[in-house]
Amino acid sequence: MLDRLHSEAPTLFWTAERNTMTSDANADLDKTRRFRDAALPHLDDVFTLARYLMRNAADAEDAAQECYLRALCHFDSYRGPAMKPWLLAILRNVCYGEFARRGKQEMPSDSTGDEPAAEKLPMWQEPQASPETALLREQDGATIRRLVGELPQQFREAIVLREINDLSYQEIAEVSGVPVGTVMSRLARARALLRSAWNAAESSTAGTTS
Amino acid sequence: MECRGKLDSGDDVMNCAECEILLHALIDGELDAGHAREVEAHAATCAACGEKLEAFRAMRQAMTGASLKEKAPVSLRSRIEAALPQPSAQIIAPRKFFQPSRRSFFGGLAVGTALSAAVAASLVLTVFRSDQEDTIAGEVVSAHIRSLQAGHLMDVETSDQHTVKPWFNGKLDVAPPVIDLTAEGFTLVGGRLDYIDGEPVASVVYQRRKHVINLFVAQRLGSEHATVTDRTIQGYNVRHWSEQGLDFWAVSDLAGDELDEFVQKISAALHPNPS
């Protein structure tokens with residue numbers, strides 16, 4: 001009796017394992033295909049946020065790729081509703097993880113500080129005497145990119161998610177892991193900072209051209 | 001500093017501090033009608049807040065107009081495609097997007113998983129024969145969706161059937177029928193070589209109004225169906241039938257009855273002399 005059981009057990013086990021394997025493989029192929037179709041169309045959004053958070057193209061590419069690999073791993077637990085904020089939240093984690101790994105070398109000055117920390121930023125007042133300021137009016141897009149890129153981290157993140165990734169307040173709150181109220185105050189702060197930088201850039205241009 | 005304190009308009013007063021936060025919600029379209037009216041009312045009577053509202057609105061418009069979204073580099077897209085464990089990495093190859101030299105260390109991972117995926121796929125095909133039709137239907141829809149992404153739709157772009165048909169010569173082991181249905185309201189726009197289930201297939205691309213129809217043709221693609229089978233996957237209508245030793249799959253976001261009409265026209269054209 002015991003002998004029989006022993007001789008049968010491995011066979012049963014083998015059958016079970018093989019069935020799991022094939023249906024798993026089937027599910028895996030299907031999963032990857034669904035993932036590709038759902039996630040790849042948002043690559044530009046993911047890359048854009050990565051570009052603003054990491055502040056250089058090579059790091060942004062690595063972060064975006066890592067984001068997609070992690071997203072595929074977690075795709076089983078994805079329940080929607082929207083793919084874009086889900087991907088952007090993963091990307092944000094990748095970027096912050098990378099900052100932590102580097103010992104905050106690349107972290108902007110105010111990394112976790114309170115909002116008043118942003119007030120003592122001399123760069124907003126200083127006209128940048130670089131050659132490209134002369135081209136401000138013609139190169140509005142490039143200038144705006146630079147001004148947004150110089151915002152302190154949490155404000156930069158909020159405004160990019162809102163204005164470029166086009167997320168709702170609720171979605172931004174989910175991506176950044178903060179209450180909607182915080183999103184609103186960050187956005188207000190971000191736009192106020194951006195506006196004064198914008199004005200400073202415009203007046204410095206007016207100064208150099210006239 | 002420019003704030004003038006409270007606005008004295010009875011119970012629901014809004015002060016500048018509140019307005020300063022809420023005006024952003026207003027320009028972002030995140031306020032309900034009641035709050036929106038309050039903010040607008042306050043901005044109308046408070047010069048400082050009114051000026052801010054205008055300035056931030058203008059700034060928002062400038063940002064929207066400047067198209068600040070970056071385009072992900074093609075090399076990044078291929079790196080990610082290559083790292084995804086799927087045999088359909090082959091799909092990229094004929095379109096010159098697949099650049100093995102640019103693959104990072106994830107390349108090794110991709111080869112490994114693609115290999116195991118291929119082994120697994122063969123197991124799937126032998127063991128789950130009945131699932132094959134569903135799998136192919138899913139792949140057909142995926143191929144259709146991919147084709148709609150910029151620059152993927154056509155390898156040969158012409159409305160001339162006598163250009164499309166010879167284009168497939170030497171690329172496939174079958175000569176797919178290319179039928180011009182322009183007169184019937186389905187414009188032939190071109191052809192494309194695609195890969196489904198690891199096999200090269202012809203896709204003849206048609207258009208009705210703004211809707212794209214991909215007609216995939218191959219020698220054996222799914223189980224044989226003398227009559228048309230229909231299904232809907234992810235909102236796309238799919239029709240599959242077998243005729244003259246070929247399998248046909250039509251996919252489109254076109255309404256079901258219009259896609260049926262398309263299938264009938266193709267099928268009728270394949271039999272010029274019905275007996």
# chains A, B, ... in the order shown; residues from 1 in each chain; ligands from 1
call {"tool": "residues_around", "arguments": {"residues": "B:Ala250", "least_positions_apart": "6", "cutoff": "12 Å", "atoms": "only C-alpha atoms", "output": "ChimeraX atom specification"}}
result
/B:137,140-141,143-144,202-207,212-218,228-232,236-242,256,258-264,266-267
call {"tool": "write_last_selection", "arguments": {"atoms": "C-alpha atoms", "output": "PDB file, in the first residue's frame"}}
result
ATOM      1  CA  ALA B 137      -7.461  36.208 -32.325  1.00  0.00           C
ATOM      2  CA  VAL B 140      -4.431  39.596 -34.548  1.00  0.00           C
ATOM      3  CA  VAL B 141      -5.982  42.368 -32.462  1.00  0.00           C
ATOM      4  CA  ALA B 143      -1.098  43.441 -34.447  1.00  0.00           C
ATOM      5  CA  HIS B 144      -3.968  45.678 -35.497  1.00  0.00           C
ATOM      6  CA  ALA B 202       0.227  39.599 -45.219  1.00  0.00           C
ATOM      7  CA  SER B 203      -1.852  42.479 -44.024  1.00  0.00           C
ATOM      8  CA  VAL B 204      -3.848  44.325 -46.619  1.00  0.00           C
ATOM      9  CA  VAL B 205      -4.939  47.662 -45.208  1.00  0.00           C
ATOM     10  CA  TYR B 206      -8.276  49.251 -46.032  1.00  0.00           C
ATOM     11  CA  GLN B 207      -9.974  52.339 -44.785  1.00  0.00           C
ATOM     12  CA  VAL B 212      -8.719  51.330 -40.519  1.00  0.00           C
ATOM     13  CA  ILE B 213      -9.331  47.711 -41.425  1.00  0.00           C
ATOM     14  CA  ASN B 214      -6.479  45.236 -41.331  1.00  0.00           C
ATOM     15  CA  LEU B 215      -7.137  42.147 -43.409  1.00  0.00           C
ATOM     16  CA  PHE B 216      -4.608  39.522 -42.388  1.00  0.00           C
ATOM     17  CA  VAL B 217      -4.068  36.716 -44.867  1.00  0.00           C
ATOM     18  CA  ALA B 218      -2.004  33.567 -44.372  1.00  0.00           C
ATOM     19  CA  VAL B 228     -17.381  33.541 -40.831  1.00  0.00           C
ATOM     20  CA  THR B 229     -16.836  33.502 -37.082  1.00  0.00           C
ATOM     21  CA  ASP B 230     -17.110  36.763 -35.265  1.00  0.00           C
ATOM     22  CA  ARG B 231     -15.884  37.999 -31.935  1.00  0.00           C
ATOM     23  CA  THR B 232     -15.102  41.273 -30.192  1.00  0.00           C
ATOM     24  CA  TYR B 236     -12.328  45.689 -31.813  1.00  0.00           C
ATOM     25  CA  ASN B 237     -14.471  43.614 -34.102  1.00  0.00           C
ATOM     26  CA  VAL B 238     -12.781  40.519 -35.470  1.00  0.00           C
ATOM     27  CA  ARG B 239     -13.958  38.271 -38.309  1.00  0.00           C
ATOM     28  CA  HIS B 240     -12.258  35.029 -39.291  1.00  0.00           C
ATOM     29  CA  TRP B 241     -12.986  32.706 -42.162  1.00  0.00           C
ATOM     30  CA  SER B 242     -11.178  30.282 -44.441  1.00  0.00           C
ATOM     31  CA  GLY B 256     -19.928  45.025 -36.642  1.00  0.00           C
ATOM     32  CA  GLU B 258     -20.064  47.371 -41.602  1.00  0.00           C
ATOM     33  CA  LEU B 259     -17.241  44.926 -41.034  1.00  0.00           C
ATOM     34  CA  ASP B 260     -19.624  42.134 -42.066  1.00  0.00           C
ATOM     35  CA  GLU B 261     -20.340  44.070 -45.241  1.00  0.00           C
ATOM     36  CA  PHE B 262     -16.596  44.326 -45.864  1.00  0.00           C
ATOM     37  CA  VAL B 263     -16.182  40.582 -45.356  1.00  0.00           C
ATOM     38  CA  GLN B 264     -19.028  39.871 -47.792  1.00  0.00           C
ATOM     39  CA  ILE B 266     -14.087  40.482 -50.105  1.00  0.00           C
ATOM     40  CA  SER B 267     -15.617  37.043 -50.159  1.00  0.00           C
TER      41      SER B 267
END
call {"tool": "closest_atom_pairs", "arguments": {"of": "chain A", "to": "chain B", "cutoff": "9 Å", "atoms": "only C-alpha atoms", "output": "JSON lines"}}
result
{"residue": "A:Met21", "atom": "CA", "partner": "B:Ala120", "partner_atom": "CA", "distance": 8.0}
{"residue": "A:Thr22", "atom": "CA", "partner": "B:Val124", "partner_atom": "CA", "distance": 5.8}
{"residue": "A:Ser23", "atom": "CA", "partner": "B:Val124", "partner_atom": "CA", "distance": 7.4}
{"residue": "A:Asp24", "atom": "CA", "partner": "B:Ala120", "partner_atom": "CA", "distance": 8.9}
{"residue": "A:Ala25", "atom": "CA", "partner": "B:Ala120", "partner_atom": "CA", "distance": 5.6}
{"residue": "A:Asn26", "atom": "CA", "partner": "B:Val124", "partner_atom": "CA", "distance": 6.3}
{"residue": "A:Asp28", "atom": "CA", "partner": "B:Ala117", "partner_atom": "CA", "distance": 8.3}
{"residue": "A:Leu29", "atom": "CA", "partner": "B:Gln86", "partner_atom": "CA", "distance": 6.6}
{"residue": "A:Asp30", "atom": "CA", "partner": "B:Thr135", "partner_atom": "CA", "distance": 7.7}
{"residue": "A:Thr32", "atom": "CA", "partner": "B:Gln86", "partner_atom": "CA", "distance": 6.7}
{"residue": "A:Arg33", "atom": "CA", "partner": "B:Ser142", "partner_atom": "CA", "distance": 7.2}
{"residue": "A:Arg34", "atom": "CA", "partner": "B:Ser142", "partner_atom": "CA", "distance": 8.0}
{"residue": "A:Arg36", "atom": "CA", "partner": "B:Leu84", "partner_atom": "CA", "distance": 8.2}
{"residue": "A:Asp37", "atom": "CA", "partner": "B:Ser142", "partner_atom": "CA", "distance": 6.8}
{"residue": "A:Leu40", "atom": "CA", "partner": "B:Arg77", "partner_atom": "CA", "distance": 8.3}
{"residue": "A:Pro41", "atom": "CA", "partner": "B:Gln149", "partner_atom": "CA", "distance": 8.2}
{"residue": "A:Leu43", "atom": "CA", "partner": "B:Ala72", "partner_atom": "CA", "distance": 6.5}
{"residue": "A:Asp44", "atom": "CA", "partner": "B:Ala72", "partner_atom": "CA", "distance": 5.0}
{"residue": "A:Asp45", "atom": "CA", "partner": "B:Lys69", "partner_atom": "CA", "distance": 6.9}
{"residue": "A:Val46", "atom": "CA", "partner": "B:Ala72", "partner_atom": "CA", "distance": 8.4}
{"residue": "A:Phe47", "atom": "CA", "partner": "B:Ala72", "partner_atom": "CA", "distance": 5.7}
{"residue": "A:Thr48", "atom": "CA", "partner": "B:Glu70", "partner_atom": "CA", "distance": 5.1}
{"residue": "A:Leu49", "atom": "CA", "partner": "B:Lys69", "partner_atom": "CA", "distance": 8.8}
{"residue": "A:Arg51", "atom": "CA", "partner": "B:Glu70", "partner_atom": "CA", "distance": 8.2}
{"residue": "A:Glu61", "atom": "CA", "partner": "B:Leu76", "partner_atom": "CA", "distance": 6.3}
{"residue": "A:Asp62", "atom": "CA", "partner": "B:Leu76", "partner_atom": "CA", "distance": 8.5}
{"residue": "A:Ala64", "atom": "CA", "partner": "B:Leu76", "partner_atom": "CA", "distance": 8.3}
{"residue": "A:Gln65", "atom": "CA", "partner": "B:Ile80", "partner_atom": "CA", "distance": 5.8}
{"residue": "A:Glu66", "atom": "CA", "partner": "B:Ile80", "partner_atom": "CA", "distance": 8.8}
{"residue": "A:Tyr68", "atom": "CA", "partner": "B:Ile80", "partner_atom": "CA", "distance": 7.1}
{"residue": "A:Leu69", "atom": "CA", "partner": "B:Leu84", "partner_atom": "CA", "distance": 7.4}
{"residue": "A:Leu72", "atom": "CA", "partner": "B:Leu84", "partner_atom": "CA", "distance": 8.2}
{"residue": "A:Asp140", "atom": "CA", "partner": "B:Ala66", "partner_atom": "CA", "distance": 7.0}
{"residue": "A:Gly141", "atom": "CA", "partner": "B:Ala66", "partner_atom": "CA", "distance": 4.9}
{"residue": "A:Ala142", "atom": "CA", "partner": "B:Leu68", "partner_atom": "CA", "distance": 8.4}
{"residue": "A:Ile144", "atom": "CA", "partner": "B:Met63", "partner_atom": "CA", "distance": 7.3}
{"residue": "A:Arg145", "atom": "CA", "partner": "B:Leu68", "partner_atom": "CA", "distance": 6.9}
{"residue": "A:Arg162", "atom": "CA", "partner": "B:Asp28", "partner_atom": "CA", "distance": 8.6}
{"residue": "A:Glu163", "atom": "CA", "partner": "B:Thr64", "partner_atom": "CA", "distance": 7.0}
{"residue": "A:Ile164", "atom": "CA", "partner": "B:Lys69", "partner_atom": "CA", "distance": 5.8}
{"residue": "A:Asn165", "atom": "CA", "partner": "B:Lys69", "partner_atom": "CA", "distance": 7.6}
{"residue": "A:Ser168", "atom": "CA", "partner": "B:Glu30", "partner_atom": "CA", "distance": 7.8}
{"residue": "A:Tyr169", "atom": "CA", "partner": "B:Glu30", "partner_atom": "CA", "distance": 7.5}
{"residue": "A:Met184", "atom": "CA", "partner": "B:Ile21", "partner_atom": "CA", "distance": 6.5}
{"residue": "A:Ser185", "atom": "CA", "partner": "B:Ile21", "partner_atom": "CA", "distance": 6.2}
{"residue": "A:Leu187", "atom": "CA", "partner": "B:His24", "partner_atom": "CA", "distance": 7.5}
{"residue": "A:Ala188", "atom": "CA", "partner": "B:Ile21", "partner_atom": "CA", "distance": 5.7}
{"residue": "A:Arg189", "atom": "CA", "partner": "B:Ile21", "partner_atom": "CA", "distance": 8.7}
{"residue": "A:Arg191", "atom": "CA", "partner": "B:Phe56", "partner_atom": "CA", "distance": 7.3}
{"residue": "A:Ala192", "atom": "CA", "partner": "B:Phe56", "partner_atom": "CA", "distance": 8.4}
{"residue": "A:Arg195", "atom": "CA", "partner": "B:Met59", "partner_atom": "CA", "distance": 7.6}
call {"tool": "write_last_selection", "arguments": {"atoms": "C-alpha atoms", "output": "PDB file, in the first residue's frame"}}
result
ATOM      1  CA  MET A  21       3.729  25.213 -16.642  1.00  0.00           C
ATOM      2  CA  THR A  22       1.858  25.251 -19.921  1.00  0.00           C
ATOM      3  CA  SER A  23      -1.046  27.297 -18.684  1.00  0.00           C
ATOM      4  CA  ASP A  24       1.390  29.652 -16.965  1.00  0.00           C
ATOM      5  CA  ALA A  25       3.322  30.065 -20.175  1.00  0.00           C
ATOM      6  CA  ASN A  26       0.108  30.676 -22.033  1.00  0.00           C
ATOM      7  CA  ASP A  28       2.521  34.851 -19.598  1.00  0.00           C
ATOM      8  CA  LEU A  29       2.405  35.357 -23.336  1.00  0.00           C
ATOM      9  CA  ASP A  30      -1.053  36.789 -23.093  1.00  0.00           C
ATOM     10  CA  THR A  32       2.977  40.415 -22.033  1.00  0.00           C
ATOM     11  CA  ARG A  33       0.868  41.156 -25.057  1.00  0.00           C
ATOM     12  CA  ARG A  34      -1.786  42.922 -23.012  1.00  0.00           C
ATOM     13  CA  ARG A  36       2.613  45.923 -24.335  1.00  0.00           C
ATOM     14  CA  ASP A  37      -0.614  47.210 -25.831  1.00  0.00           C
ATOM     15  CA  LEU A  40       3.772  51.242 -24.456  1.00  0.00           C
ATOM     16  CA  PRO A  41       1.516  54.026 -25.774  1.00  0.00           C
ATOM     17  CA  LEU A  43       6.140  55.830 -23.157  1.00  0.00           C
ATOM     18  CA  ASP A  44       6.386  59.514 -24.084  1.00  0.00           C
ATOM     19  CA  ASP A  45       4.670  60.506 -20.837  1.00  0.00           C
ATOM     20  CA  VAL A  46       6.876  58.221 -18.790  1.00  0.00           C
ATOM     21  CA  PHE A  47      10.012  59.468 -20.504  1.00  0.00           C
ATOM     22  CA  THR A  48       8.973  63.109 -20.069  1.00  0.00           C
ATOM     23  CA  LEU A  49       8.449  62.780 -16.325  1.00  0.00           C
ATOM     24  CA  ARG A  51      13.474  63.610 -17.962  1.00  0.00           C
ATOM     25  CA  GLU A  61      16.095  56.463 -20.355  1.00  0.00           C
ATOM     26  CA  ASP A  62      17.368  54.023 -17.748  1.00  0.00           C
ATOM     27  CA  ALA A  64      11.929  54.638 -18.024  1.00  0.00           C
ATOM     28  CA  GLN A  65      13.189  51.197 -18.980  1.00  0.00           C
ATOM     29  CA  GLU A  66      13.341  50.086 -15.365  1.00  0.00           C
ATOM     30  CA  TYR A  68       8.490  49.231 -17.738  1.00  0.00           C
ATOM     31  CA  LEU A  69      10.231  46.134 -16.437  1.00  0.00           C
ATOM     32  CA  LEU A  72       5.393  44.171 -16.245  1.00  0.00           C
ATOM     33  CA  ASP A 140       9.540  79.802 -25.709  1.00  0.00           C
ATOM     34  CA  GLY A 141       9.278  76.020 -25.432  1.00  0.00           C
ATOM     35  CA  ALA A 142      12.947  75.606 -24.595  1.00  0.00           C
ATOM     36  CA  ILE A 144       9.736  77.043 -20.339  1.00  0.00           C
ATOM     37  CA  ARG A 145      11.428  73.650 -20.181  1.00  0.00           C
ATOM     38  CA  ARG A 162      -0.437  68.526 -14.198  1.00  0.00           C
ATOM     39  CA  GLU A 163       0.616  70.503 -17.260  1.00  0.00           C
ATOM     40  CA  ILE A 164       2.557  67.976 -19.308  1.00  0.00           C
ATOM     41  CA  ASN A 165       1.297  64.550 -18.238  1.00  0.00           C
ATOM     42  CA  SER A 168      -6.172  65.240 -12.612  1.00  0.00           C
ATOM     43  CA  TYR A 169      -5.564  66.401  -9.042  1.00  0.00           C
ATOM     44  CA  MET A 184      -3.312  71.978  -4.663  1.00  0.00           C
ATOM     45  CA  SER A 185      -0.912  73.929  -2.473  1.00  0.00           C
ATOM     46  CA  LEU A 187       0.609  73.500  -7.658  1.00  0.00           C
ATOM     47  CA  ALA A 188      -0.168  77.008  -6.415  1.00  0.00           C
ATOM     48  CA  ARG A 189       3.384  77.318  -5.137  1.00  0.00           C
ATOM     49  CA  ARG A 191       2.996  78.263 -10.514  1.00  0.00           C
ATOM     50  CA  ALA A 192       3.882  81.233  -8.311  1.00  0.00           C
ATOM     51  CA  ARG A 195       5.655  82.943 -12.783  1.00  0.00           C
TER      52      ARG A 195
END
call {"tool": "residues_around", "arguments": {"residues": "stretch 33-46 of chain B", "least_positions_apart": "4", "cutoff": "8 Å", "atoms": "only C-alpha atoms", "output": "PDB file with N, CA and C atoms, in the first residue's frame"}}
result
ATOM      1  N   ARG B   4      -6.193  91.939   0.258  1.00  0.00           N
ATOM      2  CA  ARG B   4      -6.987  92.941   0.968  1.00  0.00           C
ATOM      3  C   ARG B   4      -7.841  92.312   2.045  1.00  0.00           C
ATOM      4  N   LEU B   7     -13.434  89.436   1.796  1.00  0.00           N
ATOM      5  CA  LEU B   7     -14.402  90.094   0.932  1.00  0.00           C
ATOM      6  C   LEU B   7     -15.721  90.079   1.692  1.00  0.00           C
ATOM      7  N   MET B  14     -14.929  84.688   0.719  1.00  0.00           N
ATOM      8  CA  MET B  14     -13.703  84.042   0.294  1.00  0.00           C
ATOM      9  C   MET B  14     -12.585  85.049   0.472  1.00  0.00           C
ATOM     10  N   ASN B  15     -11.554  84.652   1.154  1.00  0.00           N
ATOM     11  CA  ASN B  15     -10.450  85.594   1.290  1.00  0.00           C
ATOM     12  C   ASN B  15      -9.370  85.297   0.255  1.00  0.00           C
ATOM     13  N   CYS B  19      -8.494  82.084  -2.130  1.00  0.00           N
ATOM     14  CA  CYS B  19      -8.609  82.296  -3.576  1.00  0.00           C
ATOM     15  C   CYS B  19      -7.307  81.930  -4.273  1.00  0.00           C
ATOM     16  N   LEU B  22      -7.454  78.287  -4.700  1.00  0.00           N
ATOM     17  CA  LEU B  22      -8.583  77.785  -5.498  1.00  0.00           C
ATOM     18  C   LEU B  22      -8.567  78.265  -6.943  1.00  0.00           C
ATOM     19  N   LEU B  23      -7.920  79.396  -7.199  1.00  0.00           N
ATOM     20  CA  LEU B  23      -7.948  79.863  -8.592  1.00  0.00           C
ATOM     21  C   LEU B  23      -7.218  78.880  -9.508  1.00  0.00           C
ATOM     22  N   LEU B  26      -9.590  76.319 -10.329  1.00  0.00           N
ATOM     23  CA  LEU B  26     -10.529  76.843 -11.330  1.00  0.00           C
ATOM     24  C   LEU B  26      -9.952  76.717 -12.740  1.00  0.00           C
ATOM     25  N   GLY B  50      -7.653  89.006  -9.276  1.00  0.00           N
ATOM     26  CA  GLY B  50      -8.068  89.023 -10.681  1.00  0.00           C
ATOM     27  C   GLY B  50      -6.856  88.998 -11.600  1.00  0.00           C
ATOM     28  N   GLU B  51      -5.851  89.759 -11.204  1.00  0.00           N
ATOM     29  CA  GLU B  51      -4.636  89.840 -12.017  1.00  0.00           C
ATOM     30  C   GLU B  51      -3.913  88.491 -12.011  1.00  0.00           C
ATOM     31  N   LEU B  53      -5.285  85.540 -11.524  1.00  0.00           N
ATOM     32  CA  LEU B  53      -6.069  84.581 -12.308  1.00  0.00           C
ATOM     33  C   LEU B  53      -5.731  84.716 -13.793  1.00  0.00           C
TER      34      LEU B  53
END
call {"tool": "residues_around", "arguments": {"residues": "B:Val156", "least_positions_apart": "4", "cutoff": "8 Å", "atoms": "only C-alpha atoms", "output": "number ranges by chain"}}
result
B: 164, 167, 190-192
call {"tool": "residues_around", "arguments": {"residues": "A:Glu98", "least_positions_apart": "3", "cutoff": "12 Å", "atoms": "only C-alpha atoms", "output": "NGL selection string"}}
result
:A and (50 or 53-54 or 59-60 or 62-63 or 66-67 or 91-95 or 101-107)
call {"tool": "decode", "arguments": {"residues": "stretch 70-88 of chain A", "atoms": "N, CA and C atoms", "output": "CSV table (one decimal), in the first residue's frame"}}
result
chain,number,residue,atom,x,y,z
A,70,ARG,N,9.5,46.9,-14.2
A,70,ARG,CA,8.8,46.7,-13.0
A,70,ARG,C,7.3,46.6,-13.2
A,71,ALA,N,6.9,47.4,-14.1
A,71,ALA,CA,5.4,47.5,-14.3
A,71,ALA,C,5.0,46.1,-14.9
A,72,LEU,N,5.8,45.5,-15.7
A,72,LEU,CA,5.4,44.2,-16.2
A,72,LEU,C,5.3,43.2,-15.1
A,73,CYS,N,6.3,43.2,-14.2
A,73,CYS,CA,6.3,42.3,-13.0
A,73,CYS,C,5.0,42.5,-12.2
A,74,HIS,N,4.5,43.7,-12.1
A,74,HIS,CA,3.4,44.0,-11.2
A,74,HIS,C,2.1,44.1,-12.0
A,75,PHE,N,2.2,43.7,-13.3
A,75,PHE,CA,1.0,43.9,-14.1
A,75,PHE,C,-0.2,43.1,-13.6
A,76,ASP,N,0.1,41.9,-13.0
A,76,ASP,CA,-0.9,41.0,-12.5
A,76,ASP,C,-1.8,41.7,-11.4
A,77,SER,N,-1.1,42.6,-10.6
A,77,SER,CA,-1.9,43.2,-9.6
A,77,SER,C,-2.5,44.6,-10.0
A,78,TYR,N,-2.3,44.9,-11.3
A,78,TYR,CA,-2.8,46.2,-11.8
A,78,TYR,C,-4.3,46.0,-12.0
A,79,ARG,N,-5.1,46.9,-11.3
A,79,ARG,CA,-6.6,46.8,-11.4
A,79,ARG,C,-7.2,48.1,-12.1
A,80,GLY,N,-6.3,48.9,-12.6
A,80,GLY,CA,-6.9,50.1,-13.2
A,80,GLY,C,-7.2,51.1,-12.2
A,81,PRO,N,-7.9,52.2,-12.5
A,81,PRO,CA,-8.6,52.3,-13.8
A,81,PRO,C,-7.7,52.9,-14.9
A,82,ALA,N,-6.7,53.7,-14.5
A,82,ALA,CA,-6.0,54.4,-15.6
A,82,ALA,C,-4.5,53.9,-15.6
A,83,MET,N,-4.0,53.5,-16.8
A,83,MET,CA,-2.7,53.0,-16.9
A,83,MET,C,-1.6,54.1,-16.7
A,84,LYS,N,-1.9,55.3,-17.2
A,84,LYS,CA,-0.9,56.3,-17.2
A,84,LYS,C,-0.4,56.7,-15.8
A,85,PRO,N,-1.4,57.0,-14.9
A,85,PRO,CA,-0.9,57.3,-13.5
A,85,PRO,C,-0.2,56.2,-12.8
A,86,TRP,N,-0.7,55.0,-13.1
A,86,TRP,CA,-0.1,53.8,-12.5
A,86,TRP,C,1.4,53.7,-13.0
A,87,LEU,N,1.6,53.9,-14.3
A,87,LEU,CA,3.0,53.8,-14.8
A,87,LEU,C,3.9,55.0,-14.2
A,88,LEU,N,3.3,56.1,-14.1
A,88,LEU,CA,4.0,57.3,-13.6
A,88,LEU,C,4.4,57.1,-12.1
